[in-house]
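Q: Let me begin by handing over the structure; questions about it come next.
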Amino acid sequence: MASHSRAITLTSSQKMMIFVLSMSLYGLSNMFTELIPEFRIGPVELSVEYFAFIPLTLCMLFSPLHAAVGAALGEVIFGELMLGQFGGLGELEKFLTFSFAMYVAGRMVRDPLNRVQVGVAAIAGVIIHQACSSLIDIGKVWVGVDDFDTIPGLAESGVVVEGFSFLNDVLFSGILFALLPTAYLVPRLYGKIEPLLGIRPRGKAAYEAGGVSAKLVATGVLLAVVSFGAAALSKTDWNFGEWDSGFEDRFGTGAIWISIAAAALVALVALAFFRMRKNRGPQAEAPGDSPYV
């Protein structure tokens, strides 16, 4: 049910702070996952899909919309463009499904100090993202624009393969790199990270109307349809914007380290800039009304 608690109002500069911080930190973490090797045990592939706890934590402590969109854009910039490649319309599918899943998870948390609530929201965010991705992959196979990826030891069925991959990603990456670290970090960082950006801790108030509403569900369905259309077109001649400079092939892991350095630099510069603005920024006029510390 939707929450009717008073929403917190942020300034434009604070929204930009959250956006840039989320973009750089998640972009940085995304590059490190490229360096982690994958392990296969029979049909089970153990790989780190993403460090989802970073955008989840930021979405639960700050504005969910700006943190979610910032993280999704960070993956595109530092995980694609900085490596000299771009997937065209296929990137739109990943951008929409990931940002929506993180946004919903952030809206679900009304009390950042409640570990159970935080944990449920974290795993829900991963499930939403992985479920959307799996359904879109199955849809692409059914309409005939793509072939499913086979997994040794499993029946050659798109539904079976995608279902198995879904469970594998949720149970492995979802628990180890989303639920557990997010449930630990959100209560620990609450009240400590907000002053760095000059923002008052949210308390039990919401940055936006909390909970899951009919409007949010309808928006999710619409975004899923758009994502499927973009993903399907990306497998045809209509996939515009796709390019690959071959930068990663020529330089290997060196290209990844360059992207890591760029993301780290952006994060450090952003934090230093935010700290300076916070020291010069306006002070709270009324503890309950101002978003400033």
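A note on labels: chains of the structure tokens are A, B, ... as shown, every chain counts residues from 1, and ligands are counted from 1 in their shown order.
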Determine, counting only C-alpha atoms, which protein, DNA and RNA residues have an atom within 8 Å of an atom of A:Val170; residues of the same chain fewer than 3 positions away are not included. Present the result as a PyMOL selection string.
A: chain A and resi 123+126-127+130+166-167+173-175
Q: Tell me, as a list of chain:residue names, which residues lie within 12 Å of A:Thr219, counting only C-alpha atoms; anything in the same chain fewer than 2 positions away does not count.
A: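 Using only C-alpha atoms, the neighbours found are A:Leu96, A:Thr97, A:Phe100, A:Ala101, A:Tyr103, A:Val104, A:Val212, A:Ser213, A:Ala214, A:Lys215, A:Leu216, A:Val217, A:Val221, A:Leu222, A:Leu223, A:Ala224, A:Val225, A:Val226.
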Q: Please write the residues from the selection above to a file, keeping N, CA, C and O atoms, as a PDB file, in the first residue's frame.
A:
ATOM      1  N   LEU A  96      16.428   0.622 -18.266  1.00  0.00           N
ATOM      2  CA  LEU A  96      15.077   0.767 -17.728  1.00  0.00           C
ATOM      3  C   LEU A  96      14.771  -0.263 -16.645  1.00  0.00           C
ATOM      4  O   LEU A  96      14.225   0.083 -15.589  1.00  0.00           O
ATOM      5  N   THR A  97      15.108  -1.529 -16.897  1.00  0.00           N
ATOM      6  CA  THR A  97      14.763  -2.571 -15.926  1.00  0.00           C
ATOM      7  C   THR A  97      15.560  -2.421 -14.638  1.00  0.00           C
ATOM      8  O   THR A  97      15.018  -2.577 -13.539  1.00  0.00           O
ATOM      9  N   PHE A 100      14.441   0.831 -12.663  1.00  0.00           N
ATOM     10  CA  PHE A 100      13.107   0.663 -12.075  1.00  0.00           C
ATOM     11  C   PHE A 100      13.162  -0.259 -10.862  1.00  0.00           C
ATOM     12  O   PHE A 100      12.539   0.019  -9.830  1.00  0.00           O
ATOM     13  N   ALA A 101      13.916  -1.356 -10.957  1.00  0.00           N
ATOM     14  CA  ALA A 101      14.017  -2.305  -9.842  1.00  0.00           C
ATOM     15  C   ALA A 101      14.640  -1.640  -8.619  1.00  0.00           C
ATOM     16  O   ALA A 101      14.171  -1.814  -7.484  1.00  0.00           O
ATOM     17  N   TYR A 103      14.703   1.552  -7.961  1.00  0.00           N
ATOM     18  CA  TYR A 103      13.775   2.586  -7.512  1.00  0.00           C
ATOM     19  C   TYR A 103      12.673   2.003  -6.627  1.00  0.00           C
ATOM     20  O   TYR A 103      12.358   2.539  -5.565  1.00  0.00           O
ATOM     21  N   VAL A 104      12.115   0.880  -7.064  1.00  0.00           N
ATOM     22  CA  VAL A 104      11.065   0.229  -6.273  1.00  0.00           C
ATOM     23  C   VAL A 104      11.608  -0.211  -4.919  1.00  0.00           C
ATOM     24  O   VAL A 104      10.960  -0.029  -3.879  1.00  0.00           O
ATOM     25  N   VAL A 212       4.246   0.396  -2.641  1.00  0.00           N
ATOM     26  CA  VAL A 212       3.944  -0.022  -4.011  1.00  0.00           C
ATOM     27  C   VAL A 212       2.496   0.329  -4.315  1.00  0.00           C
ATOM     28  O   VAL A 212       1.576  -0.181  -3.687  1.00  0.00           O
ATOM     29  N   SER A 213       2.286   1.202  -5.259  1.00  0.00           N
ATOM     30  CA  SER A 213       0.949   1.659  -5.609  1.00  0.00           C
ATOM     31  C   SER A 213       0.549   1.123  -6.980  1.00  0.00           C
ATOM     32  O   SER A 213       1.367   0.593  -7.724  1.00  0.00           O
ATOM     33  N   ALA A 214      -0.731   1.289  -7.315  1.00  0.00           N
ATOM     34  CA  ALA A 214      -1.218   0.858  -8.631  1.00  0.00           C
ATOM     35  C   ALA A 214      -0.517   1.631  -9.739  1.00  0.00           C
ATOM     36  O   ALA A 214      -0.203   1.083 -10.805  1.00  0.00           O
ATOM     37  N   LYS A 215      -0.248   2.907  -9.488  1.00  0.00           N
ATOM     38  CA  LYS A 215       0.447   3.727 -10.483  1.00  0.00           C
ATOM     39  C   LYS A 215       1.855   3.207 -10.728  1.00  0.00           C
ATOM     40  O   LYS A 215       2.334   3.180 -11.870  1.00  0.00           O
ATOM     41  N   LEU A 216       2.524   2.789  -9.653  1.00  0.00           N
ATOM     42  CA  LEU A 216       3.882   2.260  -9.786  1.00  0.00           C
ATOM     43  C   LEU A 216       3.880   0.953 -10.574  1.00  0.00           C
ATOM     44  O   LEU A 216       4.745   0.727 -11.421  1.00  0.00           O
ATOM     45  N   VAL A 217       2.901   0.095 -10.309  1.00  0.00           N
ATOM     46  CA  VAL A 217       2.794  -1.173 -11.031  1.00  0.00           C
ATOM     47  C   VAL A 217       2.533  -0.915 -12.514  1.00  0.00           C
ATOM     48  O   VAL A 217       3.146  -1.545 -13.389  1.00  0.00           O
ATOM     49  N   VAL A 221       4.866  -2.004 -15.730  1.00  0.00           N
ATOM     50  CA  VAL A 221       4.403  -2.768 -16.900  1.00  0.00           C
ATOM     51  C   VAL A 221       4.745  -2.038 -18.185  1.00  0.00           C
ATOM     52  O   VAL A 221       5.217  -2.627 -19.164  1.00  0.00           O
ATOM     53  N   LEU A 222       4.517  -0.719 -18.191  1.00  0.00           N
ATOM     54  CA  LEU A 222       4.820   0.084 -19.376  1.00  0.00           C
ATOM     55  C   LEU A 222       6.315   0.048 -19.694  1.00  0.00           C
ATOM     56  O   LEU A 222       6.714  -0.124 -20.856  1.00  0.00           O
ATOM     57  N   LEU A 223       7.153   0.193 -18.675  1.00  0.00           N
ATOM     58  CA  LEU A 223       8.600   0.158 -18.883  1.00  0.00           C
ATOM     59  C   LEU A 223       9.056  -1.220 -19.361  1.00  0.00           C
ATOM     60  O   LEU A 223       9.981  -1.329 -20.181  1.00  0.00           O
ATOM     61  N   ALA A 224       8.395  -2.276 -18.859  1.00  0.00           N
ATOM     62  CA  ALA A 224       8.738  -3.631 -19.301  1.00  0.00           C
ATOM     63  C   ALA A 224       8.419  -3.816 -20.782  1.00  0.00           C
ATOM     64  O   ALA A 224       9.194  -4.439 -21.525  1.00  0.00           O
ATOM     65  N   VAL A 225       7.286  -3.272 -21.223  1.00  0.00           N
ATOM     66  CA  VAL A 225       6.916  -3.372 -22.637  1.00  0.00           C
ATOM     67  C   VAL A 225       7.916  -2.612 -23.504  1.00  0.00           C
ATOM     68  O   VAL A 225       8.374  -3.108 -24.546  1.00  0.00           O
ATOM     69  N   VAL A 226       8.278  -1.395 -23.063  1.00  0.00           N
ATOM     70  CA  VAL A 226       9.265  -0.607 -23.812  1.00  0.00           C
ATOM     71  C   VAL A 226      10.612  -1.330 -23.831  1.00  0.00           C
ATOM     72  O   VAL A 226      11.298  -1.370 -24.864  1.00  0.00           O
TER      73      VAL A 226
END
Q: Between A:Trp243, A:Gly84, A:Ala122, A:Met23, which residue has the minimum interatomic distance to A:Ala267, considering only C-alpha atoms?
A: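 For A:Ala267, the nearest of the candidates is A:Met23.
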Q: Quick one, how far is atom CA of A:Asp237 from atom CA of A:Leu92?
A: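 Interatomic distance here is 16.2 Å.
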Q: Would you compute the distance between atom CA of A:Leu171 and atom CA of A:Val118? Give it in Å to one decimal.
A: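 Result for atom CA of A:Leu171 versus atom CA of A:Val118: 17.0 Å, one decimal.
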Q: Pull the strand (DSSP E or B) assignments for stretch 10-105 of chain A out of DSSP run on the backbone, and list those residues as a ChimeraX atom specification.
A: /A:39-41,44-46,85-87
Q: Name the residues of stretch 45-252 of chain A that fall into alpha helix (DSSP H) according to DSSP on the backbone, using the chain letters and numbers of this document, as an NGL selection string.
A: :A and (53-61 or 64-79 or 89-108 or 115-142 or 158-169 or 180-189 or 214-233 or 247-251)
Q: Give me, as JSON, numbers by chain, all polymer residues having an atom no more than 9 Å from A:Gln14, counting only C-alpha atoms and skipping those fewer than 4 positions away in the same chain.
A: {"A": [10, 18, 19, 197, 198, 199, 274, 291]}
Q: Keeping only N, CA, C and O atoms, write the selected residues as a short mmCIF file (atom, residue, chain, number, x, y, z; two decimals), in the first residue's frame.
A:
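Output file part_6.cif is given in full below:
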data_model
loop_
_atom_site.label_atom_id
_atom_site.label_comp_id
_atom_site.auth_asym_id
_atom_site.auth_seq_id
_atom_site.Cartn_x
_atom_site.Cartn_y
_atom_site.Cartn_z
N LEU A 10 14.08 18.02 -1.74
CA LEU A 10 15.51 18.26 -1.92
C LEU A 10 15.72 19.39 -2.91
O LEU A 10 14.89 19.63 -3.79
N ILE A 18 23.34 13.34 -5.32
CA ILE A 18 22.95 11.94 -5.21
C ILE A 18 23.13 11.22 -6.54
O ILE A 18 23.64 10.10 -6.60
N PHE A 19 22.74 11.88 -7.62
CA PHE A 19 22.85 11.31 -8.95
C PHE A 19 24.30 11.01 -9.31
O PHE A 19 24.64 9.90 -9.73
N LEU A 197 26.97 15.00 2.35
CA LEU A 197 26.32 15.69 1.25
C LEU A 197 25.51 16.90 1.73
O LEU A 197 24.84 17.54 0.94
N GLY A 198 25.60 17.17 3.02
CA GLY A 198 24.85 18.31 3.56
C GLY A 198 23.36 18.07 3.62
O GLY A 198 22.57 19.01 3.53
N ILE A 199 22.95 16.80 3.75
CA ILE A 199 21.53 16.45 3.75
C ILE A 199 21.15 15.89 5.11
O ILE A 199 21.88 15.09 5.70
N PHE A 274 31.08 18.29 -3.09
CA PHE A 274 29.90 18.30 -2.21
C PHE A 274 30.27 18.77 -0.81
O PHE A 274 29.50 19.46 -0.15
N PRO A 291 15.97 20.34 4.26
CA PRO A 291 16.71 19.14 3.90
C PRO A 291 18.19 19.23 4.25
O PRO A 291 18.92 18.29 4.12
#
Q: Please report the interatomic distance between atom CA of A:Thr9 and atom CA of A:Ala272 in Å with one decimal.
A: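 That distance, rounded to one decimal, is 23.4 Å.
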Q: Would you mind listing what lies within 12 Å of A:Ile54 as a compact mmCIF listing (two decimals) with N, CA and C atoms, in the first residue's frame, with only C-alpha atoms counted and same-chain residues fewer than 4 positions away left out?
A:
# COMPACT_ATOMS: atom_id res chain seq x y z
N LEU A 21 26.99 10.82 -7.32
CA LEU A 21 27.59 9.86 -6.40
C LEU A 21 27.20 8.44 -6.75
N SER A 22 25.92 8.21 -7.03
CA SER A 22 25.45 6.89 -7.40
C SER A 22 26.05 6.44 -8.73
N MET A 23 26.11 7.35 -9.68
CA MET A 23 26.66 7.03 -11.00
C MET A 23 28.12 6.61 -10.90
N SER A 24 28.93 7.36 -10.16
CA SER A 24 30.36 7.07 -10.10
C SER A 24 30.66 5.83 -9.25
N LEU A 25 29.98 5.67 -8.11
CA LEU A 25 30.26 4.53 -7.24
C LEU A 25 29.82 3.21 -7.89
N TYR A 26 28.63 3.21 -8.48
CA TYR A 26 28.19 1.96 -9.11
C TYR A 26 28.97 1.68 -10.39
N GLY A 27 29.33 2.73 -11.13
CA GLY A 27 30.17 2.53 -12.29
C GLY A 27 31.52 1.96 -11.91
N LEU A 28 32.07 2.42 -10.79
CA LEU A 28 33.34 1.89 -10.30
C LEU A 28 33.22 0.42 -9.91
N SER A 29 32.16 0.09 -9.18
CA SER A 29 31.98 -1.30 -8.75
C SER A 29 31.73 -2.23 -9.93
N ASN A 30 31.06 -1.71 -10.95
CA ASN A 30 30.75 -2.52 -12.12
C ASN A 30 32.01 -2.96 -12.84
N TYR A 50 26.48 -8.38 -10.27
CA TYR A 50 26.72 -6.96 -9.97
C TYR A 50 26.78 -6.79 -8.46
N LEU A 58 22.11 3.38 -1.59
CA LEU A 58 21.90 4.80 -1.89
C LEU A 58 20.42 5.09 -2.12
N CYS A 59 19.70 4.16 -2.75
CA CYS A 59 18.26 4.36 -2.98
C CYS A 59 17.48 4.36 -1.68
N MET A 60 17.95 3.61 -0.68
CA MET A 60 17.23 3.53 0.59
C MET A 60 17.56 4.69 1.52
N LEU A 61 18.74 5.27 1.37
CA LEU A 61 19.14 6.38 2.23
C LEU A 61 18.79 7.74 1.63
N ALA A 67 19.07 8.24 -7.32
CA ALA A 67 20.10 7.23 -7.07
C ALA A 67 19.98 6.08 -8.07
N ALA A 68 18.75 5.66 -8.39
CA ALA A 68 18.54 4.54 -9.31
C ALA A 68 18.95 4.90 -10.73
N GLY A 70 20.94 7.32 -11.63
CA GLY A 70 22.38 7.57 -11.63
C GLY A 70 23.17 6.28 -11.74
N ALA A 71 22.77 5.25 -10.99
CA ALA A 71 23.47 3.97 -11.05
C ALA A 71 23.36 3.33 -12.42
N ALA A 72 22.17 3.36 -13.00
CA ALA A 72 21.98 2.76 -14.32
C ALA A 72 22.80 3.49 -15.38
N GLY A 74 25.56 5.14 -14.75
CA GLY A 74 26.96 4.84 -14.45
C GLY A 74 27.43 3.57 -15.11
N MET A 102 15.72 -0.87 -8.81
CA MET A 102 16.37 -0.19 -7.69
C MET A 102 15.44 0.88 -7.09
N GLY A 106 14.03 1.09 -3.23
CA GLY A 106 14.20 2.26 -2.38
C GLY A 106 12.90 2.77 -1.81
N ALA A 122 15.75 -5.19 -0.47
CA ALA A 122 16.95 -5.47 -1.28
C ALA A 122 16.75 -6.69 -2.17
N PHE A 177 25.53 -10.45 -2.62
CA PHE A 177 25.97 -9.11 -3.03
C PHE A 177 24.84 -8.09 -3.07
N ALA A 178 23.71 -8.44 -2.48
CA ALA A 178 22.60 -7.48 -2.40
C ALA A 178 21.99 -7.51 -0.99
N LEU A 179 21.35 -8.62 -0.64
CA LEU A 179 20.62 -8.70 0.62
C LEU A 179 21.52 -8.50 1.84
N LEU A 180 22.55 -9.33 1.98
CA LEU A 180 23.39 -9.29 3.19
C LEU A 180 24.13 -7.97 3.36
N PRO A 181 24.88 -7.49 2.35
CA PRO A 181 25.59 -6.22 2.56
C PRO A 181 24.66 -5.02 2.70
N THR A 182 23.51 -5.03 2.00
CA THR A 182 22.59 -3.90 2.12
C THR A 182 21.97 -3.85 3.51
N ALA A 183 21.55 -5.01 4.02
CA ALA A 183 20.96 -5.07 5.35
C ALA A 183 21.96 -4.65 6.43
N TYR A 184 23.23 -4.82 6.16
CA TYR A 184 24.26 -4.40 7.11
C TYR A 184 24.59 -2.91 6.96
N LEU A 185 24.74 -2.46 5.70
CA LEU A 185 25.22 -1.11 5.45
C LEU A 185 24.20 -0.02 5.72
N VAL A 186 22.95 -0.22 5.33
CA VAL A 186 21.96 0.85 5.44
C VAL A 186 21.80 1.32 6.89
N LEU A 189 25.21 3.03 7.96
CA LEU A 189 25.54 4.31 7.33
C LEU A 189 24.51 5.40 7.61
Q: Using only C-alpha atoms, which residues sit within 7 Å of A:Asn239 once same-chain residues fewer than 5 positions away are excluded, as a short mmCIF file (atom, residue, chain, number, x, y, z; two decimals) with N, CA, C and O atoms, in the first residue's frame?
A:
data_model
loop_
_atom_site.label_atom_id
_atom_site.label_comp_id
_atom_site.auth_asym_id
_atom_site.auth_seq_id
_atom_site.Cartn_x
_atom_site.Cartn_y
_atom_site.Cartn_z
N GLY A 88 23.71 -0.11 -28.32
CA GLY A 88 22.54 0.43 -29.01
C GLY A 88 21.27 0.29 -28.18
O GLY A 88 21.26 0.54 -26.98
N LEU A 89 20.20 -0.15 -28.83
CA LEU A 89 18.90 -0.26 -28.16
C LEU A 89 18.92 -1.27 -27.02
O LEU A 89 18.12 -1.18 -26.09
N LEU A 233 14.28 -5.20 -30.88
CA LEU A 233 14.82 -4.45 -32.01
C LEU A 233 16.35 -4.49 -32.04
O LEU A 233 16.95 -4.39 -33.11
N SER A 234 16.97 -4.65 -30.86
CA SER A 234 18.43 -4.68 -30.81
C SER A 234 18.99 -5.92 -31.50
O SER A 234 20.18 -5.97 -31.82
#
Q: Excluding A:Gly203 and residues on its chain fewer than 3 positions from it, collect all residues at most 10 Å away from it, counting only C-alpha atoms, and give them as an mmCIF file with all heavy atoms, in the first residue's frame.
A:
data_model
loop_
_atom_site.group_PDB
_atom_site.id
_atom_site.type_symbol
_atom_site.label_atom_id
_atom_site.label_comp_id
_atom_site.auth_asym_id
_atom_site.auth_seq_id
_atom_site.Cartn_x
_atom_site.Cartn_y
_atom_site.Cartn_z
ATOM 1 N N LEU A 61 18.741 5.268 1.369
ATOM 2 C CA LEU A 61 19.137 6.377 2.229
ATOM 3 C C LEU A 61 18.790 7.735 1.630
ATOM 4 O O LEU A 61 18.578 8.703 2.365
ATOM 5 C CB LEU A 61 20.642 6.319 2.502
ATOM 6 C CG LEU A 61 21.135 5.152 3.362
ATOM 7 C CD1 LEU A 61 22.646 5.182 3.477
ATOM 8 C CD2 LEU A 61 20.499 5.180 4.746
ATOM 9 N N ARG A 110 10.705 2.239 4.571
ATOM 10 C CA ARG A 110 10.190 3.386 5.307
ATOM 11 C C ARG A 110 11.036 3.685 6.530
ATOM 12 O O ARG A 110 11.082 4.809 6.993
ATOM 13 C CB ARG A 110 8.734 3.128 5.712
ATOM 14 C CG ARG A 110 7.812 2.888 4.523
ATOM 15 C CD ARG A 110 6.395 2.607 4.958
ATOM 16 N NE ARG A 110 5.530 2.309 3.811
ATOM 17 C CZ ARG A 110 4.252 1.967 3.914
ATOM 18 N NH1 ARG A 110 3.692 1.883 5.097
ATOM 19 N NH2 ARG A 110 3.542 1.712 2.830
ATOM 20 N N ASP A 111 11.702 2.660 7.073
ATOM 21 C CA ASP A 111 12.565 2.842 8.238
ATOM 22 C C ASP A 111 13.941 2.263 7.918
ATOM 23 O O ASP A 111 14.117 1.047 7.912
ATOM 24 C CB ASP A 111 11.962 2.137 9.455
ATOM 25 C CG ASP A 111 12.808 2.322 10.707
ATOM 26 O OD1 ASP A 111 13.800 3.089 10.651
ATOM 27 O OD2 ASP A 111 12.496 1.716 11.740
ATOM 28 N N PRO A 112 14.941 3.100 7.650
ATOM 29 C CA PRO A 112 16.269 2.602 7.290
ATOM 30 C C PRO A 112 16.957 1.808 8.400
ATOM 31 O O PRO A 112 17.935 1.100 8.129
ATOM 32 C CB PRO A 112 17.063 3.892 6.979
ATOM 33 C CG PRO A 112 16.026 4.931 6.727
ATOM 34 C CD PRO A 112 14.867 4.570 7.592
ATOM 35 N N LEU A 113 16.473 1.922 9.619
ATOM 36 C CA LEU A 113 17.087 1.184 10.732
ATOM 37 C C LEU A 113 16.481 -0.199 10.913
ATOM 38 O O LEU A 113 16.974 -0.985 11.728
ATOM 39 C CB LEU A 113 16.941 1.992 12.029
ATOM 40 C CG LEU A 113 17.666 3.348 12.054
ATOM 41 C CD1 LEU A 113 17.405 4.080 13.359
ATOM 42 C CD2 LEU A 113 19.160 3.162 11.841
ATOM 43 N N TYR A 190 23.320 4.988 8.019
ATOM 44 C CA TYR A 190 22.259 5.971 8.255
ATOM 45 C C TYR A 190 22.706 7.002 9.303
ATOM 46 O O TYR A 190 23.162 6.643 10.394
ATOM 47 C CB TYR A 190 20.987 5.270 8.735
ATOM 48 C CG TYR A 190 19.904 6.239 9.138
ATOM 49 C CD1 TYR A 190 19.206 6.958 8.175
ATOM 50 C CD2 TYR A 190 19.597 6.458 10.480
ATOM 51 C CE1 TYR A 190 18.220 7.863 8.537
ATOM 52 C CE2 TYR A 190 18.612 7.354 10.851
ATOM 53 C CZ TYR A 190 17.930 8.054 9.875
ATOM 54 O OH TYR A 190 16.961 8.960 10.236
ATOM 55 N N GLY A 191 22.579 8.257 8.950
ATOM 56 C CA GLY A 191 22.967 9.321 9.860
ATOM 57 C C GLY A 191 24.437 9.688 9.787
ATOM 58 O O GLY A 191 24.858 10.674 10.397
ATOM 59 N N ARG A 200 19.991 16.295 5.595
ATOM 60 C CA ARG A 200 19.501 15.775 6.869
ATOM 61 C C ARG A 200 19.034 14.327 6.697
ATOM 62 O O ARG A 200 18.379 14.003 5.704
ATOM 63 C CB ARG A 200 18.333 16.629 7.375
ATOM 64 C CG ARG A 200 17.775 16.196 8.717
ATOM 65 C CD ARG A 200 16.688 17.147 9.163
ATOM 66 N NE ARG A 200 17.220 18.489 9.348
ATOM 67 C CZ ARG A 200 17.906 18.872 10.438
ATOM 68 N NH1 ARG A 200 18.131 18.012 11.418
ATOM 69 N NH2 ARG A 200 18.361 20.111 10.528
ATOM 70 N N ALA A 206 9.643 10.123 3.837
ATOM 71 C CA ALA A 206 10.005 9.571 2.526
ATOM 72 C C ALA A 206 10.400 10.692 1.581
ATOM 73 O O ALA A 206 9.929 11.817 1.688
ATOM 74 C CB ALA A 206 8.826 8.797 1.940
#
Q: Considering only C-alpha atoms, state which residue in the set A:Ser227, A:Ser134, A:Ser165, A:Ser259 is at the smallest distance from A:Glu91.
A: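 Nearest candidate to A:Glu91 out of A:Ser227, A:Ser134, A:Ser165, A:Ser259: A:Ser227.
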